[in-house]
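What follows is a single structure, written as structure tokens, with notes after it.
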There are 2 protein chains.
Amino acid sequence: MVPAVPVENDSFLAACRGRTPARRPIWIMRQAGRYLPEYRAVRARVSFETLCRAPDLAAEVTVQPIERFDLDAAILFSDILTILDAFGIDVRFDPGPKIARPVRTPADVAALPEADLSACAYVYDAVGACVERLAGRVPLIGFAGAPLTVASYMIEGQGSRDFRHTKVLGWRDPEAFQHLLAQVARATAGYLERQVAAGAHALQVFESWGGALPPDVYRRIAWPHTRSVLEAALATGVPVVAFLRGGEGLLRAVAGDLPQGDLVIGIDWTVPMATAVSIVGPERVVQGNLDPMALFAPRGVLERLAGDVIAAAGPARGHVFNLGHGISKDTDPAQVAALVDYVHRS
Amino acid sequence: MVPAVPVENDSFLAACRGRTPARRPIWIMRQAGRYLPEYRAVRARVSFETLCRAPDLAAEVTVQPIERFDLDAAILFSDILTILDAFGIDVRFDPGPKIARPVRTPADVAALPEADLSACAYVYDAVGACVERLAGRVPLIGFAGAPLTVASYMIEGQGSRDFRHTKVLGWRDPEAFQHLLAQVARATAGYLERQVAAGAHALQVFESWGGALPPDVYRRIAWPHTRSVLEAALATGVPVVAFLRGGEGLLRAVAGDLPQGDLVIGIDWTVPMATAVSIVGPERVVQGNLDPMALFAPRGVLERLAGDVIAAAGPARGHVFNLGHGISKDTDPAQVAALVDYVHRS
């Protein structure tokens, strides 16, 4: 494994490891994205798919928000569905993901090949290119989707609001469903290990659709696979953020079963930060969780809302500031600059 | 006030009032809807708007599921946005609601007339027509949206996933926002009173978008208005169901501040029923909360999932069976018949 390039600004890594950082770190989910004119300029030339698959371009947009704002971490520009290349599953973005042949039946699951992670070499190359371009300024976060989240796209074939096919497969053939989640989990563990080998300083696992299932069901059928991915990620030695989107219910359901180690819990905006801290315990590092819509509020209100999150999260030692969901494409970048400045002054 | 027509099947009303019903009652949110071929046949002739505004047709489709299934209550066919007629706000359905001139600024709020509830006379007429057509077979439930839910459409001008304009108005001008919610709450109270006067045997208040705000914020800025509507509805003397969609967080936030009286708490499918009962207390009647997707499961699984809800909800006395969200338009009516039969046998 390539030893990670040391970074000048280690506030993010220090906070993740429970050490006192030089300042309260902040990064922003989807910070390399459509709200930035420089990102839109790149996208005017190339498609989303091309951007994900071209390491130099991916590195260019990954670094864009670092050039513009005083952020404390970069996150690889990629997509949670790039891992499907390892299964030979073709995904198009139009603009939402579309999979021509979804995995719907036990036969579909049985026919799925074991993941060939070399098919995602462009992702690890992008990690390397990002680290080179960042030149030690801030750490790079690699990422993957959690097994249920990724599997739900494989099954639905696209974004879904009711997750009907996912649930029906789980009810109709629980063994095939478990087999699929386990297979995705194994692939995801290897995928994250390769990102760390390529130089990622930290990892985030996105359980973006944790709310697809009631919390007790999630805990029973999906969480063991997410947990195994988190354990594998932590075993690489880098800090790992588990972004658990699914409200207070999901957080309560898994809080008693979190892996040990440098695990940071990413809190979605629907859970008051004070509630989240009381659920996961004050010793646990938390990330989040400002409502992305707060960036549309007047400056004074934005600062008050960010201040509320900071006051509830407590001392910088146990807190990585972030939004509680990806930033909206309609956000004014000047508001982001103001937020970053405010968090660092707090 | 017209005394309510007595009903032969009073299981629903008995359960709502905390008395032991002859059998565990069941009705289904959106039971008069697109999954029924006889409903689609009517809609092939008239638009959604026309159907809402024509009392005889609204009554016809209200009664359709009662003719087909052994349900224990009918719910008025209408829409939570019909009340906007009282404010002179024109809503089109395409198929989602579209409002030409949303209420976005303090000036927009100030310009809003006090509600003229006579503009919704067709709704009260539809209630009367339903009661006549039902001929005492089962009780009729009237309904309205809760103030935040209705106001969010007034502000956004359409369905929303991020409620940006709603939040920005609340942050930018909290007084105008409160003024708007209070005005909608007053209108809603009168609107529900008129439905009871027209013969409705019970009422449901839909807080469909309670999850738009973090639970602590919801409790502070929206709940007092919902609570005032519930109190006014309960003062009519009929049982009132508060459908609180917003997961475990919202339920916990308001559980300590529920009005007294024949108030039933409608639980969304994301909250395990056992958790819901522990939050609202075992003395409180609950409604719900089967995942609508369960109707796509094989019959045996459907029955097991319904059985889990029943086991967690406890004795029939304190439970009205329902889904935890509106029924999907793709549902097979035969599955609904099987569910109704199963619930009555349990």
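Chain lettering (A, B, ...) mirrors the order of the structure tokens, residue numbering begins at 1 for each chain separately, and ligand numbering begins at 1 in order of display.
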
Long-range neighbours of Phe321 in chain A as a VMD selection string, 9 Å cut-off, only C-alpha atoms, 3 positions minimum in chain: chain A and resid 24 to 28 286 to 290 306 309 to 310 316 343

Determine which residues of chain B sit within 7 Å of chain A, taking into account only C-alpha atoms, and present them as a PyMOL selection string. chain B and resi 164+168+171-172+213-214+216+248-249+269-272+293+296-298+301

Onto chain B, please fit chain A by least squares using all C-alpha atoms in order, then return the transformed chain as a compact mmCIF listing (two decimals) with C-alpha atoms, in the first residue's frame.
# COMPACT_ATOMS: atom_id res chain seq x y z
CA MET A 1 -75.32 21.12 12.87
CA VAL A 2 -76.94 18.17 11.11
CA PRO A 3 -76.82 15.14 13.40
CA ALA A 4 -74.64 12.47 11.79
CA VAL A 5 -76.49 9.62 10.12
CA PRO A 6 -76.04 6.53 12.33
CA VAL A 7 -74.00 3.76 10.72
CA GLU A 8 -74.51 0.00 10.70
CA ASN A 9 -70.79 -0.77 10.80
CA ASP A 10 -69.40 1.33 13.61
CA SER A 11 -66.12 -0.57 14.14
CA PHE A 12 -64.06 2.37 12.92
CA LEU A 13 -65.81 4.93 15.14
CA ALA A 14 -65.74 2.60 18.14
CA ALA A 15 -62.01 1.99 17.78
CA CYS A 16 -61.35 5.73 17.34
CA ARG A 17 -63.25 6.42 20.56
CA GLY A 18 -61.32 3.78 22.47
CA ARG A 19 -64.25 1.36 22.66
CA THR A 20 -63.97 -2.28 21.66
CA PRO A 21 -65.12 -2.63 18.03
CA ALA A 22 -67.00 -5.62 16.62
CA ARG A 23 -63.90 -6.26 14.50
CA ARG A 24 -60.56 -4.62 13.84
CA PRO A 25 -61.44 -1.79 11.44
CA ILE A 26 -59.55 -1.15 8.24
CA TRP A 27 -59.63 1.58 5.61
CA ILE A 28 -56.90 2.52 3.17
CA MET A 29 -55.42 5.90 2.42
CA ARG A 30 -56.26 6.84 -1.21
CA GLN A 31 -58.66 3.88 -1.35
CA ALA A 32 -60.74 5.73 -3.96
CA GLY A 33 -58.05 6.03 -6.57
CA ARG A 34 -56.23 4.98 -9.69
CA TYR A 35 -55.59 1.35 -8.71
CA LEU A 36 -59.36 0.73 -9.21
CA PRO A 37 -60.50 0.16 -12.82
CA GLU A 38 -63.90 1.70 -11.96
CA TYR A 39 -62.12 4.87 -10.80
CA ARG A 40 -60.05 5.00 -13.98
CA ALA A 41 -63.27 4.62 -15.98
CA VAL A 42 -64.67 7.77 -14.37
CA ARG A 43 -61.39 9.63 -14.85
CA ALA A 44 -61.39 8.67 -18.53
CA ARG A 45 -64.46 10.90 -18.82
CA VAL A 46 -63.59 13.81 -16.48
CA SER A 47 -60.49 15.57 -15.21
CA PHE A 48 -59.26 15.37 -11.64
CA GLU A 49 -60.39 18.98 -11.04
CA THR A 50 -63.88 18.28 -12.36
CA LEU A 51 -64.13 15.15 -10.24
CA CYS A 52 -63.24 17.09 -7.08
CA ARG A 53 -65.77 19.81 -7.93
CA ALA A 54 -68.74 17.63 -8.92
CA PRO A 55 -70.40 16.36 -5.73
CA ASP A 56 -72.24 13.48 -7.43
CA LEU A 57 -69.13 12.22 -9.19
CA ALA A 58 -66.99 12.66 -6.07
CA ALA A 59 -69.57 10.66 -4.14
CA GLU A 60 -69.61 7.98 -6.83
CA VAL A 61 -65.85 7.38 -6.60
CA THR A 62 -65.88 7.72 -2.80
CA VAL A 63 -68.26 4.78 -2.61
CA GLN A 64 -66.47 2.63 -5.23
CA PRO A 65 -64.05 0.95 -2.78
CA ILE A 66 -66.93 0.37 -0.34
CA GLU A 67 -68.84 -1.50 -3.04
CA ARG A 68 -65.83 -3.63 -3.89
CA PHE A 69 -64.24 -4.33 -0.49
CA ASP A 70 -65.49 -4.98 3.04
CA LEU A 71 -63.89 -1.75 4.33
CA ASP A 72 -64.92 -0.15 7.62
CA ALA A 73 -64.89 3.50 6.55
CA ALA A 74 -65.14 5.64 3.44
CA ILE A 75 -63.04 8.76 2.94
CA LEU A 76 -64.31 11.68 0.90
CA PHE A 77 -62.79 11.85 -2.57
CA SER A 78 -61.18 15.27 -2.67
CA ASP A 79 -57.75 16.89 -2.49
CA ILE A 80 -55.91 18.71 0.28
CA LEU A 81 -55.59 21.73 -2.02
CA THR A 82 -59.32 22.28 -2.70
CA ILE A 83 -59.29 24.61 0.32
CA LEU A 84 -57.21 27.05 -1.73
CA ASP A 85 -60.42 28.01 -3.54
CA ALA A 86 -61.31 29.78 -0.29
CA PHE A 87 -58.29 32.05 -0.83
CA GLY A 88 -59.04 32.61 -4.50
CA ILE A 89 -55.92 30.61 -5.44
CA ASP A 90 -56.28 28.65 -8.64
CA VAL A 91 -54.72 25.16 -8.67
CA ARG A 92 -54.27 23.02 -11.78
CA PHE A 93 -53.28 19.36 -11.71
CA ASP A 94 -50.82 18.35 -14.42
CA PRO A 95 -50.79 15.72 -12.86
CA GLY A 96 -49.09 17.29 -9.84
CA PRO A 97 -50.56 20.54 -8.49
CA LYS A 98 -49.48 23.80 -10.13
CA ILE A 99 -50.25 27.25 -8.73
CA ALA A 100 -49.73 30.12 -11.14
CA ARG A 101 -48.95 32.77 -8.53
CA PRO A 102 -47.26 31.29 -5.45
CA VAL A 103 -47.23 33.12 -2.10
CA ARG A 104 -43.53 33.91 -1.73
CA THR A 105 -43.09 37.29 -0.09
CA PRO A 106 -44.46 39.12 2.97
CA ALA A 107 -46.39 41.29 0.48
CA ASP A 108 -47.93 38.15 -1.04
CA VAL A 109 -48.94 37.01 2.45
CA ALA A 110 -50.40 40.42 3.31
CA ALA A 111 -52.36 40.45 0.05
CA LEU A 112 -53.98 37.09 0.79
CA PRO A 113 -57.70 37.56 1.55
CA GLU A 114 -59.25 36.02 4.65
CA ALA A 115 -60.68 32.68 3.55
CA ASP A 116 -64.17 32.63 2.05
CA LEU A 117 -65.17 29.08 2.91
CA SER A 118 -68.34 29.31 0.86
CA ALA A 119 -66.08 28.95 -2.19
CA CYS A 120 -65.64 25.31 -1.14
CA ALA A 121 -69.38 24.61 -0.95
CA TYR A 122 -68.91 21.82 -3.50
CA VAL A 123 -66.83 19.96 -0.90
CA TYR A 124 -69.56 20.09 1.74
CA ASP A 125 -72.08 19.13 -0.95
CA ALA A 126 -69.88 16.16 -1.82
CA VAL A 127 -69.85 15.14 1.85
CA GLY A 128 -73.64 15.22 1.85
CA ALA A 129 -73.81 13.24 -1.39
CA CYS A 130 -71.40 10.63 0.00
CA VAL A 131 -73.41 10.19 3.18
CA GLU A 132 -76.55 9.73 1.12
CA ARG A 133 -74.95 7.16 -1.19
CA LEU A 134 -73.35 5.29 1.70
CA ALA A 135 -76.82 4.98 3.25
CA GLY A 136 -75.45 4.23 6.69
CA ARG A 137 -73.26 1.32 5.66
CA VAL A 138 -69.98 2.76 6.97
CA PRO A 139 -68.91 6.11 8.39
CA LEU A 140 -67.54 8.87 6.14
CA ILE A 141 -64.22 10.51 6.92
CA GLY A 142 -63.79 14.13 5.88
CA PHE A 143 -60.32 15.63 5.67
CA ALA A 144 -57.97 18.54 5.20
CA GLY A 145 -54.24 19.12 4.95
CA ALA A 146 -52.43 20.47 8.00
CA PRO A 147 -51.36 24.13 7.81
CA LEU A 148 -47.66 23.55 7.01
CA THR A 149 -48.52 20.98 4.35
CA VAL A 150 -51.04 23.25 2.62
CA ALA A 151 -48.92 26.38 3.04
CA SER A 152 -45.90 24.64 1.51
CA TYR A 153 -47.85 24.19 -1.74
CA MET A 154 -49.02 27.82 -1.60
CA ILE A 155 -45.41 28.93 -1.25
CA GLU A 156 -43.67 26.47 -3.59
CA GLY A 157 -46.42 26.64 -6.20
CA GLN A 158 -46.04 22.91 -6.78
CA GLY A 159 -44.75 19.75 -5.15
CA SER A 160 -41.20 20.12 -3.85
CA ARG A 161 -38.42 17.91 -2.62
CA ASP A 162 -36.38 20.57 -0.83
CA PHE A 163 -39.05 23.11 0.25
CA ARG A 164 -36.59 25.86 -0.51
CA HIS A 165 -39.06 28.71 -0.88
CA THR A 166 -40.99 27.62 2.21
CA LYS A 167 -37.85 27.59 4.31
CA VAL A 168 -36.51 30.84 2.90
CA LEU A 169 -39.79 32.64 3.68
CA GLY A 170 -39.66 31.22 7.22
CA TRP A 171 -36.06 32.35 7.70
CA ARG A 172 -36.35 35.68 5.93
CA ASP A 173 -39.63 36.78 7.44
CA PRO A 174 -40.74 34.57 10.33
CA GLU A 175 -43.68 36.87 11.12
CA ALA A 176 -45.16 36.64 7.63
CA PHE A 177 -44.63 32.88 7.72
CA GLN A 178 -46.44 32.57 11.07
CA HIS A 179 -49.19 34.86 9.80
CA LEU A 180 -49.70 32.60 6.78
CA LEU A 181 -49.79 29.39 8.84
CA ALA A 182 -52.26 30.94 11.28
CA GLN A 183 -54.47 32.11 8.43
CA VAL A 184 -54.44 28.66 6.83
CA ALA A 185 -55.14 27.08 10.23
CA ARG A 186 -58.20 29.27 10.80
CA ALA A 187 -59.53 28.43 7.35
CA THR A 188 -58.86 24.74 7.85
CA ALA A 189 -60.72 24.66 11.15
CA GLY A 190 -63.79 26.21 9.51
CA TYR A 191 -63.45 23.92 6.49
CA LEU A 192 -63.45 20.82 8.71
CA GLU A 193 -66.37 22.12 10.83
CA ARG A 194 -68.40 22.53 7.63
CA GLN A 195 -67.62 18.96 6.58
CA VAL A 196 -68.90 17.69 9.93
CA ALA A 197 -71.98 19.91 9.61
CA ALA A 198 -72.55 18.29 6.21
CA GLY A 199 -72.49 14.84 7.77
CA ALA A 200 -68.88 13.61 8.05
CA HIS A 201 -68.60 11.08 10.91
CA ALA A 202 -64.87 11.57 11.45
CA LEU A 203 -62.01 13.73 10.19
CA GLN A 204 -58.43 13.17 9.15
CA VAL A 205 -55.79 15.91 9.09
CA PHE A 206 -52.90 15.12 6.73
CA GLU A 207 -49.48 16.43 7.72
CA SER A 208 -48.08 14.92 4.54
CA TRP A 209 -44.99 17.14 4.56
CA GLY A 210 -44.19 17.16 8.25
CA GLY A 211 -40.76 15.86 7.28
CA ALA A 212 -39.96 19.08 5.40
CA LEU A 213 -38.51 20.50 8.61
CA PRO A 214 -36.25 18.99 11.27
CA PRO A 215 -38.48 17.75 14.12
CA ASP A 216 -37.40 20.40 16.63
CA VAL A 217 -38.12 23.16 14.11
CA TYR A 218 -41.41 21.55 13.11
CA ARG A 219 -42.47 21.42 16.74
CA ARG A 220 -41.68 25.08 17.26
CA ILE A 221 -43.02 26.73 14.12
CA ALA A 222 -45.58 24.38 12.53
CA TRP A 223 -47.03 22.14 15.22
CA PRO A 224 -48.90 24.88 17.16
CA HIS A 225 -50.97 25.53 14.02
CA THR A 226 -51.61 21.85 13.36
CA ARG A 227 -52.54 21.45 17.01
CA SER A 228 -55.04 24.30 16.81
CA VAL A 229 -56.67 22.66 13.78
CA LEU A 230 -56.86 19.34 15.64
CA GLU A 231 -58.44 21.04 18.64
CA ALA A 232 -61.05 22.75 16.49
CA ALA A 233 -61.76 19.47 14.70
CA LEU A 234 -62.11 17.60 18.01
CA ALA A 235 -64.45 20.31 19.30
CA THR A 236 -66.98 19.25 16.65
CA GLY A 237 -67.37 16.01 18.60
CA VAL A 238 -66.24 13.57 15.90
CA PRO A 239 -63.06 11.47 16.14
CA VAL A 240 -60.04 12.99 14.46
CA VAL A 241 -57.05 11.22 12.93
CA ALA A 242 -53.78 13.15 12.78
CA PHE A 243 -51.65 11.58 10.04
CA LEU A 244 -48.18 12.72 11.02
CA ARG A 245 -45.79 11.89 8.20
CA GLY A 246 -42.28 12.65 9.26
CA GLY A 247 -40.84 9.49 10.75
CA GLU A 248 -39.87 8.68 14.28
CA GLY A 249 -38.34 12.11 14.85
CA LEU A 250 -41.55 14.05 14.23
CA LEU A 251 -43.57 11.61 16.33
CA ARG A 252 -41.21 12.00 19.28
CA ALA A 253 -41.23 15.79 18.88
CA VAL A 254 -45.00 16.15 19.27
CA ALA A 255 -45.96 13.11 21.37
CA GLY A 256 -45.85 15.11 24.59
CA ASP A 257 -48.16 17.81 23.25
CA LEU A 258 -51.09 15.95 21.70
CA PRO A 259 -54.59 17.33 22.34
CA GLN A 260 -56.93 15.33 24.52
CA GLY A 261 -60.11 13.75 23.17
CA ASP A 262 -60.86 11.21 20.47
CA LEU A 263 -57.60 11.79 18.67
CA VAL A 264 -56.11 8.93 16.66
CA ILE A 265 -52.47 9.11 15.63
CA GLY A 266 -51.82 8.04 12.04
CA ILE A 267 -48.37 6.46 11.80
CA ASP A 268 -46.34 6.52 8.58
CA TRP A 269 -44.76 3.28 7.34
CA THR A 270 -41.23 4.35 8.29
CA VAL A 271 -41.93 4.05 12.01
CA PRO A 272 -42.09 0.48 13.35
CA MET A 273 -45.54 0.17 14.96
CA ALA A 274 -44.03 -1.06 18.23
CA THR A 275 -41.86 2.06 18.35
CA ALA A 276 -44.85 4.28 17.55
CA VAL A 277 -46.91 2.76 20.36
CA SER A 278 -44.05 3.23 22.80
CA ILE A 279 -43.73 6.89 21.76
CA VAL A 280 -47.41 7.91 21.86
CA GLY A 281 -48.29 5.64 24.78
CA PRO A 282 -50.38 2.46 24.91
CA GLU A 283 -53.58 4.32 25.83
CA ARG A 284 -53.55 6.27 22.55
CA VAL A 285 -55.42 4.88 19.54
CA VAL A 286 -53.13 4.48 16.54
CA GLN A 287 -53.83 4.09 12.84
CA GLY A 288 -51.62 2.43 10.25
CA ASN A 289 -49.05 1.54 9.21
CA LEU A 290 -48.38 -1.20 6.69
CA ASP A 291 -45.89 -0.27 3.95
CA PRO A 292 -47.99 0.20 0.77
CA MET A 293 -45.36 -1.84 -1.07
CA ALA A 294 -46.36 -4.87 1.03
CA LEU A 295 -49.36 -5.19 -1.30
CA PHE A 296 -46.87 -6.24 -4.00
CA ALA A 297 -45.51 -9.08 -1.85
CA PRO A 298 -46.71 -12.69 -2.21
CA ARG A 299 -49.95 -13.33 -0.28
CA GLY A 300 -48.24 -15.17 2.58
CA VAL A 301 -45.69 -12.39 3.09
CA LEU A 302 -48.42 -9.73 2.90
CA GLU A 303 -50.30 -11.51 5.68
CA ARG A 304 -47.17 -11.90 7.79
CA LEU A 305 -46.34 -8.18 7.43
CA ALA A 306 -49.92 -7.16 8.26
CA GLY A 307 -49.78 -9.56 11.20
CA ASP A 308 -46.62 -7.87 12.44
CA VAL A 309 -48.40 -4.50 12.47
CA ILE A 310 -51.39 -5.98 14.28
CA ALA A 311 -49.23 -7.74 16.88
CA ALA A 312 -47.31 -4.52 17.58
CA ALA A 313 -50.45 -2.34 17.68
CA GLY A 314 -52.08 -4.63 20.21
CA PRO A 315 -55.77 -5.26 20.78
CA ALA A 316 -58.28 -4.03 18.21
CA ARG A 317 -59.60 -1.51 20.71
CA GLY A 318 -56.68 0.79 20.16
CA HIS A 319 -56.01 0.23 16.48
CA VAL A 320 -57.39 1.27 13.11
CA PHE A 321 -55.62 -0.76 10.43
CA ASN A 322 -54.40 1.24 7.44
CA LEU A 323 -51.38 1.63 5.21
CA GLY A 324 -48.62 3.98 6.33
CA HIS A 325 -48.98 6.01 3.10
CA GLY A 326 -51.41 6.19 0.18
CA ILE A 327 -51.93 3.03 -1.86
CA SER A 328 -49.87 2.80 -5.07
CA LYS A 329 -51.72 3.18 -8.35
CA ASP A 330 -50.12 -0.08 -9.56
CA THR A 331 -51.64 -2.19 -6.77
CA ASP A 332 -53.68 -5.28 -7.67
CA PRO A 333 -57.17 -4.84 -6.13
CA ALA A 334 -57.20 -8.58 -5.33
CA GLN A 335 -54.37 -7.97 -2.88
CA VAL A 336 -56.46 -5.30 -1.16
CA ALA A 337 -59.35 -7.73 -0.81
CA ALA A 338 -56.99 -10.29 0.71
CA LEU A 339 -55.62 -7.73 3.16
CA VAL A 340 -59.08 -6.60 4.29
CA ASP A 341 -60.08 -10.21 4.85
CA TYR A 342 -56.88 -10.99 6.75
CA VAL A 343 -57.25 -7.99 9.05
CA HIS A 344 -60.82 -8.91 9.88
CA ARG A 345 -59.81 -12.50 10.65
CA SER A 346 -56.96 -11.41 12.95

Within range 75-129 of chain B, find each residue whose DSSP state, derived from the backbone, is strand (DSSP E or B), and express the selection as a VMD selection string. chain B and resid 75 91 to 93 97 to 99

Please return, as a list in words, all residues of range 210-244 of chain B that DSSP assigns to alpha helix (DSSP H) on the basis of the backbone.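 In range 210-244 of chain B, DSSP puts these residues in alpha helix (DSSP H): Pro215, Asp216, Val217, Trp223, Pro224, His225, Thr226, Arg227, Ser228, Val229, Leu230, Glu231, Ala232, Ala233, Leu234 and Ala235 of chain B.
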